[in-house]
Structure formats: structure tokens, C-alpha cells
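Input: a single structure, listed below in C-alpha cells.
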Amino acid sequence: MLFPPKKRVTDRTLTGYLLGSLRQDQTERLDELSIVDGDFAARLDAVENDLVDAYVRGKLSGDTLQKFRVRYLSSDKRREKVRFAESLYLFEGKHFTSAPLNRESRSLFWPSSWPSFAFPRWIAAGALAMLLAVSLLFINNLQLRNRMSQANADREQLLQHERDLQAKLDQVHASDARVATELAQVQKSLAELEQASSNRTPRSSLAPLGVLAFTLSPQLRGAAQIPGLSLPPGTTRVDLHLDLESNDYPRYQVALKSLGTDQIVWHSGELKAETKGQRSAVLVSVPAALLKPETYQLELTGSPSSGEHEFVSSYIFRIGSS
């Protein structure tokens, strides 16, 4: 059975999810929760950290240890996380062990022996304080790198999930409202994650985000000139204004086709035309990450009050190398 929406998922169930022990329907439900529920995602991250820590410290055994090695470590991202945890564990063991000092060691660091040195006691104390400060700075740097690595991994996971959901929309021609709603939620979560990442990353290391806008006219029969678009580094979205010869439909939809592979690579949701004066146009925003240096065709269809979509016009453009 799936998990009731108001029932708290136990840590044991989350561990089974991380080790691939749950049924397919339960796994899919937790996949959704990890994206749409921030509190759940935080709990899942904490349970995963505890699981990795237990593995690094040699506390896993039996079937749990076997599943961790076979299933959890099958992912490059997870193996990298385990390697980082092992490095941190070795660092802690090297710099913060509490083993008793022998007589000779105590003679060097014990306060009663300081007067025998030629330099004042406050110099030794200052050196010890500096050593502690450097150690804390190193630990903070490791933690910051870990958070940035986790944020990048989460972003990649969200992007992959977005591509999977987009594929579902292509198969059903955007007729499944539930998938469209879930896709919108994933895109919202992705935007929030990128915003949070930009807040955590120093401004000097980030390229500025950019949105480019272009106007395209319907493709005329026999036209040889294909508009060329150039996307500078840092472009995240391309807004395309598709001119209409006449505004005959209450709703429109756009499909992006790669002419190199003759495949649809992206679908928009339902759009409405905008009219300014005597001109009407449909505004569609395309993620810049989908646009590679090649030729594309936008196929615009209109939806009447009842019935299926009807072809309106096509728009061809070329993306050049940046």
C-alpha cells in the first residue's frame, strides 16, 4: 500500500528506500515526496547522512551492509558522497583523537613545563590558538564544499526528473493534467533550488543569469533565409514571440522539433495569444539548456473551444555556436 499523506514515514522505511528494498509503487511515492515536500526531503537527507556515517564507521552488517554495497554504491554520486565521508572521518580521527599522551609528549605541552622554554608562555598559547583556528577553518571549508556538492547533486536529480516527466508529456501529448501539474511543481522546486544555490555561492564565482527574447515570423513557402540565434554563456531561458497572421483560437500549444533528428524535444503548456494594436503573437519560453547548435522548428497548434488541436503555422530558426 502507498503511504497515507498525513502519516509520518519512519526512518526504517526511508532506509529501505535508500537501499532499494521497497516496492515500485512505494518508491515512486517517496520520489514524489522528496521533490514536493521540503520537510520530507530534509528528513531523507538526514537519514541518508546517518546511513553513510554508519557505513564509514563500520557499524553496518548483514543484509543491510550487503544492500548498501550492491545498491546504494551503484551510483557515482553516492560513491562520491561516501568517499567524502571517509575523508572527513579520517580527518577527525587524525586531528581530534583523545589517546593519552606519554611522559615525553606531556613534557612538551603540559603548562608546568612551559617556563623551561626560552620564549614566553603567551607565545605558545597564541600558537595553539592559531592551530585551533586553522583547524576549524579547514572543517568549515569541508562542510561548505559538502553542501555545495549536495546542492549540485540535488539540482541534477531535479533536472533528470524534469526530463522524465517531459517524456511522459510527449507520449500522451500533454493530455494528462496530473503529469503537467507535477512537472510545474518540479520546475518550481528547481527554480527555488537554483535561487538558494545562488545565495550560498560567492557572487564572483557565478555567471549572471540571462533571458533572451526573439521575434519569429511564420515560415513562408520557399523561404531560404533561416533566422539565426546566438545564446551567450549564462543564458537560462529564451523567450520567443511567434507572430500570428490571425488570432483564431482561444488557446495555443507549441512543440519544439529538432530537424537534425526529426524528433520532438519539448512541449509547452497551453498558451494564450497577446494582441497589441493590429498584431497578435504567442509568447513561449524555452529552457536554454535544451537548445544545442542546430536547426529547430516550432510547430504552433490551436485549440478550439471543443475538439483536438489544429495546425496553425511553423517557425524555423538556427542556434549558432556561442
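All residue names refer to the C-alpha cells as shown: chains lettered A, B, ... in order, residues numbered from 1 in each chain, ligands numbered from 1 in order.
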With only C-alpha atoms as the counted atoms, please give the residues lying no more than 10 Å from A:Thr261, apart from itself and same-chain residues fewer than 3 positions off, as an MDAnalysis selection string. chainID A and resid 257:258 264:265 295:296
Among stretch 125-248 of chain A, which ones does DSSP assign to helix (DSSP H, G or I) (computed from the backbone)? Answer as a VMD selection string. chain A and resid 125 to 172 177 to 200 203 to 205
Nearby residues (only C-alpha atoms) at most 9 Å from A:Leu51, same-chain spacing under 2 positions excluded, as an MDAnalysis selection string: chainID A and resid 15 18 46:49 53:56 60 68
What does the file look like for those residues with all heavy atoms, as an mmCIF file, in the first residue's frame?
```cif
data_model
loop_
_atom_site.group_PDB
_atom_site.id
_atom_site.type_symbol
_atom_site.label_atom_id
_atom_site.label_comp_id
_atom_site.auth_asym_id
_atom_site.auth_seq_id
_atom_site.Cartn_x
_atom_site.Cartn_y
_atom_site.Cartn_z
ATOM 1 N N THR A 15 15.282 4.254 5.187
ATOM 2 C CA THR A 15 16.496 3.469 4.948
ATOM 3 C C THR A 15 16.255 2.417 3.868
ATOM 4 O O THR A 15 17.086 2.200 2.983
ATOM 5 C CB THR A 15 16.954 2.798 6.255
ATOM 6 O OG1 THR A 15 17.215 3.804 7.240
ATOM 7 C CG2 THR A 15 18.228 1.984 6.029
ATOM 8 N N LEU A 18 16.348 4.100 0.523
ATOM 9 C CA LEU A 18 17.715 4.392 0.072
ATOM 10 C C LEU A 18 18.445 3.134 -0.395
ATOM 11 O O LEU A 18 19.295 3.195 -1.288
ATOM 12 C CB LEU A 18 18.504 5.055 1.203
ATOM 13 C CG LEU A 18 18.040 6.463 1.594
ATOM 14 C CD1 LEU A 18 18.727 6.913 2.867
ATOM 15 C CD2 LEU A 18 18.317 7.458 0.479
ATOM 16 N N ALA A 46 18.837 13.653 6.101
ATOM 17 C CA ALA A 46 19.429 13.332 7.400
ATOM 18 C C ALA A 46 19.594 11.815 7.578
ATOM 19 O O ALA A 46 20.619 11.343 8.069
ATOM 20 C CB ALA A 46 18.561 13.904 8.516
ATOM 21 N N VAL A 47 18.577 11.044 7.174
ATOM 22 C CA VAL A 47 18.670 9.588 7.282
ATOM 23 C C VAL A 47 19.790 9.052 6.386
ATOM 24 O O VAL A 47 20.536 8.139 6.762
ATOM 25 C CB VAL A 47 17.310 8.939 6.918
ATOM 26 C CG1 VAL A 47 17.452 7.426 6.784
ATOM 27 C CG2 VAL A 47 16.270 9.274 7.967
ATOM 28 N N GLU A 48 19.928 9.631 5.183
ATOM 29 C CA GLU A 48 20.995 9.187 4.284
ATOM 30 C C GLU A 48 22.367 9.485 4.880
ATOM 31 O O GLU A 48 23.282 8.673 4.805
ATOM 32 C CB GLU A 48 20.850 9.880 2.933
ATOM 33 C CG GLU A 48 21.880 9.416 1.916
ATOM 34 C CD GLU A 48 21.677 10.038 0.550
ATOM 35 O OE1 GLU A 48 20.794 10.899 0.420
ATOM 36 O OE2 GLU A 48 22.391 9.669 -0.395
ATOM 37 N N ASN A 49 22.505 10.676 5.501
ATOM 38 C CA ASN A 49 23.781 11.012 6.136
ATOM 39 C C ASN A 49 24.101 10.043 7.269
ATOM 40 O O ASN A 49 25.249 9.613 7.431
ATOM 41 C CB ASN A 49 23.744 12.443 6.666
ATOM 42 C CG ASN A 49 23.744 13.467 5.543
ATOM 43 O OD1 ASN A 49 24.161 13.158 4.419
ATOM 44 N ND2 ASN A 49 23.273 14.657 5.806
ATOM 45 N N ASP A 53 27.277 7.554 7.401
ATOM 46 C CA ASP A 53 28.172 7.634 8.562
ATOM 47 C C ASP A 53 28.328 6.265 9.219
ATOM 48 O O ASP A 53 29.431 5.879 9.619
ATOM 49 C CB ASP A 53 27.609 8.647 9.567
ATOM 50 C CG ASP A 53 28.534 8.850 10.750
ATOM 51 O OD1 ASP A 53 29.607 9.441 10.566
ATOM 52 O OD2 ASP A 53 28.187 8.391 11.850
ATOM 53 N N ALA A 54 27.212 5.506 9.329
ATOM 54 C CA ALA A 54 27.283 4.181 9.922
ATOM 55 C C ALA A 54 28.144 3.244 9.079
ATOM 56 O O ALA A 54 28.905 2.431 9.606
ATOM 57 C CB ALA A 54 25.873 3.609 10.083
ATOM 58 N N TYR A 55 28.057 3.374 7.765
ATOM 59 C CA TYR A 55 28.886 2.532 6.894
ATOM 60 C C TYR A 55 30.364 2.870 7.051
ATOM 61 O O TYR A 55 31.214 1.990 7.160
ATOM 62 C CB TYR A 55 28.449 2.718 5.438
ATOM 63 C CG TYR A 55 29.361 2.031 4.443
ATOM 64 C CD1 TYR A 55 29.309 0.650 4.249
ATOM 65 C CD2 TYR A 55 30.299 2.766 3.714
ATOM 66 C CE1 TYR A 55 30.156 0.027 3.349
ATOM 67 C CE2 TYR A 55 31.143 2.149 2.815
ATOM 68 C CZ TYR A 55 31.069 0.777 2.637
ATOM 69 O OH TYR A 55 31.911 0.156 1.747
ATOM 70 N N VAL A 56 30.659 4.184 7.051
ATOM 71 C CA VAL A 56 32.059 4.606 7.164
ATOM 72 C C VAL A 56 32.658 4.149 8.489
ATOM 73 O O VAL A 56 33.836 3.773 8.560
ATOM 74 C CB VAL A 56 32.145 6.136 7.007
ATOM 75 C CG1 VAL A 56 33.529 6.642 7.370
ATOM 76 C CG2 VAL A 56 31.815 6.544 5.574
ATOM 77 N N LEU A 60 27.525 -1.052 9.953
ATOM 78 C CA LEU A 60 26.547 -1.824 9.192
ATOM 79 C C LEU A 60 26.980 -3.281 9.128
ATOM 80 O O LEU A 60 28.176 -3.592 9.098
ATOM 81 C CB LEU A 60 26.399 -1.263 7.771
ATOM 82 C CG LEU A 60 25.914 0.180 7.640
ATOM 83 C CD1 LEU A 60 25.756 0.548 6.171
ATOM 84 C CD2 LEU A 60 24.609 0.381 8.391
ATOM 85 N N PHE A 68 23.735 -2.093 0.958
ATOM 86 C CA PHE A 68 24.429 -0.811 0.829
ATOM 87 C C PHE A 68 25.509 -0.902 -0.243
ATOM 88 O O PHE A 68 25.654 -0.005 -1.081
ATOM 89 C CB PHE A 68 25.034 -0.422 2.175
ATOM 90 C CG PHE A 68 25.617 0.962 2.194
ATOM 91 C CD1 PHE A 68 24.860 2.045 2.601
ATOM 92 C CD2 PHE A 68 26.925 1.181 1.797
ATOM 93 C CE1 PHE A 68 25.400 3.328 2.609
ATOM 94 C CE2 PHE A 68 27.467 2.460 1.809
ATOM 95 C CZ PHE A 68 26.686 3.533 2.216
#
```
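You can rank A:Asp39, A:Glu156, A:Asp262, A:Glu245 by their closest distance to A:Gln278 using only C-alpha atoms, and at the top of that list sits A:Glu245.
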If we count only C-alpha atoms and set the cut-off at 9 Å, which residues sit around A:Arg251, ignoring sequence neighbours fewer than 5 positions away in its own chain? Please answer as number ranges by chain. A: 270-273, 301-305
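Taking only C-alpha atoms into account, A:Ser268 lies nearest to A:Pro287 out of the set A:Gly62, A:Gly307, A:Gly126, A:Pro287.
Nearest-residue note for A:Glu28: choosing from A:Leu131, A:His161, A:Gln187, A:Asp239, the minimum distance belongs to A:His161, counting only C-alpha atoms.
Using only C-alpha atoms for every distance, the candidate list A:Leu220, A:Leu283, A:Ala213, A:Ala196 yields A:Leu220 as the residue closest to A:Ser313.
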Could you pull the residues within 12 Å of A:Ala289, counting only C-alpha atoms, minus those fewer than 6 positions along the same chain, as a PDB file with all heavy atoms, in the first residue's frame?
```
ATOM      1  N   LEU A 159      16.701  17.988 -12.490  1.00  0.00           N
ATOM      2  CA  LEU A 159      16.728  18.122 -13.951  1.00  0.00           C
ATOM      3  C   LEU A 159      16.391  16.799 -14.635  1.00  0.00           C
ATOM      4  O   LEU A 159      15.654  16.764 -15.633  1.00  0.00           O
ATOM      5  CB  LEU A 159      18.107  18.601 -14.405  1.00  0.00           C
ATOM      6  CG  LEU A 159      18.432  20.080 -14.146  1.00  0.00           C
ATOM      7  CD1 LEU A 159      19.884  20.371 -14.470  1.00  0.00           C
ATOM      8  CD2 LEU A 159      17.509  20.980 -14.952  1.00  0.00           C
ATOM      9  N   ARG A 163      13.206  15.940 -17.057  1.00  0.00           N
ATOM     10  CA  ARG A 163      13.270  15.321 -18.388  1.00  0.00           C
ATOM     11  C   ARG A 163      12.368  14.090 -18.475  1.00  0.00           C
ATOM     12  O   ARG A 163      11.716  13.856 -19.500  1.00  0.00           O
ATOM     13  CB  ARG A 163      14.720  14.964 -18.706  1.00  0.00           C
ATOM     14  CG  ARG A 163      15.611  16.161 -19.000  1.00  0.00           C
ATOM     15  CD  ARG A 163      16.951  15.742 -19.575  1.00  0.00           C
ATOM     16  NE  ARG A 163      17.775  15.100 -18.574  1.00  0.00           N
ATOM     17  CZ  ARG A 163      18.676  15.735 -17.838  1.00  0.00           C
ATOM     18  NH1 ARG A 163      18.863  17.035 -17.983  1.00  0.00           N
ATOM     19  NH2 ARG A 163      19.412  15.079 -16.954  1.00  0.00           N
ATOM     20  N   LEU A 231      23.252  32.236 -28.367  1.00  0.00           N
ATOM     21  CA  LEU A 231      22.986  32.246 -26.929  1.00  0.00           C
ATOM     22  C   LEU A 231      24.305  32.487 -26.182  1.00  0.00           C
ATOM     23  O   LEU A 231      25.170  31.611 -26.149  1.00  0.00           O
ATOM     24  CB  LEU A 231      22.379  30.918 -26.478  1.00  0.00           C
ATOM     25  CG  LEU A 231      21.105  30.472 -27.212  1.00  0.00           C
ATOM     26  CD1 LEU A 231      20.566  29.181 -26.599  1.00  0.00           C
ATOM     27  CD2 LEU A 231      20.047  31.568 -27.176  1.00  0.00           C
ATOM     28  N   PRO A 232      24.473  33.657 -25.572  1.00  0.00           N
ATOM     29  CA  PRO A 232      25.704  33.921 -24.805  1.00  0.00           C
ATOM     30  C   PRO A 232      25.786  33.008 -23.589  1.00  0.00           C
ATOM     31  O   PRO A 232      24.766  32.481 -23.116  1.00  0.00           O
ATOM     32  CB  PRO A 232      25.543  35.401 -24.387  1.00  0.00           C
ATOM     33  CG  PRO A 232      24.447  35.943 -25.225  1.00  0.00           C
ATOM     34  CD  PRO A 232      23.561  34.793 -25.575  1.00  0.00           C
ATOM     35  N   PRO A 233      26.979  32.780 -23.046  1.00  0.00           N
ATOM     36  CA  PRO A 233      27.114  31.991 -21.808  1.00  0.00           C
ATOM     37  C   PRO A 233      26.302  32.625 -20.684  1.00  0.00           C
ATOM     38  O   PRO A 233      26.242  33.838 -20.552  1.00  0.00           O
ATOM     39  CB  PRO A 233      28.626  32.052 -21.519  1.00  0.00           C
ATOM     40  CG  PRO A 233      29.263  32.330 -22.841  1.00  0.00           C
ATOM     41  CD  PRO A 233      28.300  33.182 -23.593  1.00  0.00           C
ATOM     42  N   GLY A 234      25.666  31.797 -19.902  1.00  0.00           N
ATOM     43  CA  GLY A 234      24.845  32.281 -18.806  1.00  0.00           C
ATOM     44  C   GLY A 234      23.378  32.419 -19.150  1.00  0.00           C
ATOM     45  O   GLY A 234      22.562  32.735 -18.281  1.00  0.00           O
ATOM     46  N   THR A 235      22.995  32.187 -20.427  1.00  0.00           N
ATOM     47  CA  THR A 235      21.583  32.265 -20.796  1.00  0.00           C
ATOM     48  C   THR A 235      20.822  31.070 -20.224  1.00  0.00           C
ATOM     49  O   THR A 235      21.240  29.929 -20.391  1.00  0.00           O
ATOM     50  CB  THR A 235      21.426  32.284 -22.326  1.00  0.00           C
ATOM     51  OG1 THR A 235      22.177  33.372 -22.868  1.00  0.00           O
ATOM     52  CG2 THR A 235      19.958  32.434 -22.707  1.00  0.00           C
ATOM     53  N   THR A 236      19.730  31.352 -19.531  1.00  0.00           N
ATOM     54  CA  THR A 236      18.942  30.286 -18.923  1.00  0.00           C
ATOM     55  C   THR A 236      17.593  30.079 -19.600  1.00  0.00           C
ATOM     56  O   THR A 236      17.016  29.003 -19.475  1.00  0.00           O
ATOM     57  CB  THR A 236      18.685  30.594 -17.437  1.00  0.00           C
ATOM     58  OG1 THR A 236      17.998  31.852 -17.323  1.00  0.00           O
ATOM     59  CG2 THR A 236      19.997  30.649 -16.670  1.00  0.00           C
ATOM     60  N   ARG A 237      17.100  31.108 -20.317  1.00  0.00           N
ATOM     61  CA  ARG A 237      15.772  30.987 -20.922  1.00  0.00           C
ATOM     62  C   ARG A 237      15.725  31.839 -22.183  1.00  0.00           C
ATOM     63  O   ARG A 237      16.344  32.896 -22.261  1.00  0.00           O
ATOM     64  CB  ARG A 237      14.700  31.461 -19.928  1.00  0.00           C
ATOM     65  CG  ARG A 237      13.274  31.088 -20.339  1.00  0.00           C
ATOM     66  CD  ARG A 237      12.278  31.641 -19.322  1.00  0.00           C
ATOM     67  NE  ARG A 237      12.073  33.072 -19.492  1.00  0.00           N
ATOM     68  CZ  ARG A 237      11.845  33.914 -18.485  1.00  0.00           C
ATOM     69  NH1 ARG A 237      11.846  33.488 -17.242  1.00  0.00           N
ATOM     70  NH2 ARG A 237      11.654  35.207 -18.719  1.00  0.00           N
ATOM     71  N   VAL A 238      14.989  31.338 -23.161  1.00  0.00           N
ATOM     72  CA  VAL A 238      14.801  32.077 -24.412  1.00  0.00           C
ATOM     73  C   VAL A 238      13.299  32.311 -24.602  1.00  0.00           C
ATOM     74  O   VAL A 238      12.514  31.359 -24.658  1.00  0.00           O
ATOM     75  CB  VAL A 238      15.378  31.291 -25.607  1.00  0.00           C
ATOM     76  CG1 VAL A 238      15.132  32.064 -26.897  1.00  0.00           C
ATOM     77  CG2 VAL A 238      16.860  31.048 -25.412  1.00  0.00           C
ATOM     78  N   VAL A 265      11.490  17.564 -28.998  1.00  0.00           N
ATOM     79  CA  VAL A 265      12.334  17.594 -27.791  1.00  0.00           C
ATOM     80  C   VAL A 265      11.677  18.348 -26.645  1.00  0.00           C
ATOM     81  O   VAL A 265      12.184  18.298 -25.520  1.00  0.00           O
ATOM     82  CB  VAL A 265      13.702  18.221 -28.112  1.00  0.00           C
ATOM     83  CG1 VAL A 265      14.439  17.393 -29.137  1.00  0.00           C
ATOM     84  CG2 VAL A 265      13.547  19.667 -28.598  1.00  0.00           C
ATOM     85  N   TRP A 266      10.560  19.034 -26.940  1.00  0.00           N
ATOM     86  CA  TRP A 266       9.935  19.801 -25.844  1.00  0.00           C
ATOM     87  C   TRP A 266       8.532  20.222 -26.254  1.00  0.00           C
ATOM     88  O   TRP A 266       8.254  20.472 -27.426  1.00  0.00           O
ATOM     89  CB  TRP A 266      10.804  21.031 -25.538  1.00  0.00           C
ATOM     90  CG  TRP A 266      10.293  21.880 -24.411  1.00  0.00           C
ATOM     91  CD1 TRP A 266      10.417  21.682 -23.079  1.00  0.00           C
ATOM     92  CD2 TRP A 266       9.566  23.119 -24.550  1.00  0.00           C
ATOM     93  NE1 TRP A 266       9.838  22.687 -22.374  1.00  0.00           N
ATOM     94  CE2 TRP A 266       9.301  23.597 -23.247  1.00  0.00           C
ATOM     95  CE3 TRP A 266       9.123  23.863 -25.637  1.00  0.00           C
ATOM     96  CZ2 TRP A 266       8.600  24.772 -23.015  1.00  0.00           C
ATOM     97  CZ3 TRP A 266       8.427  25.039 -25.407  1.00  0.00           C
ATOM     98  CH2 TRP A 266       8.184  25.487 -24.102  1.00  0.00           C
ATOM     99  N   ILE A 319      20.278  27.709 -34.061  1.00  0.00           N
ATOM    100  CA  ILE A 319      21.106  28.107 -32.915  1.00  0.00           C
ATOM    101  C   ILE A 319      22.563  27.978 -33.338  1.00  0.00           C
ATOM    102  O   ILE A 319      23.015  26.914 -33.762  1.00  0.00           O
ATOM    103  CB  ILE A 319      20.831  27.228 -31.685  1.00  0.00           C
ATOM    104  CG1 ILE A 319      19.384  27.392 -31.224  1.00  0.00           C
ATOM    105  CG2 ILE A 319      21.803  27.575 -30.557  1.00  0.00           C
ATOM    106  CD1 ILE A 319      19.040  28.768 -30.730  1.00  0.00           C
TER     107      ILE A 319
END
```
What does the distance from atom CA of A:Met130 to atom CA of A:Ala85 come to in Å, to one decimal? 25.8 Å
If you measure from atom CA of A:Tyr252 to atom CA of A:Gly269, what distance in Å do you get, rounded to one decimal? 8.4 Å
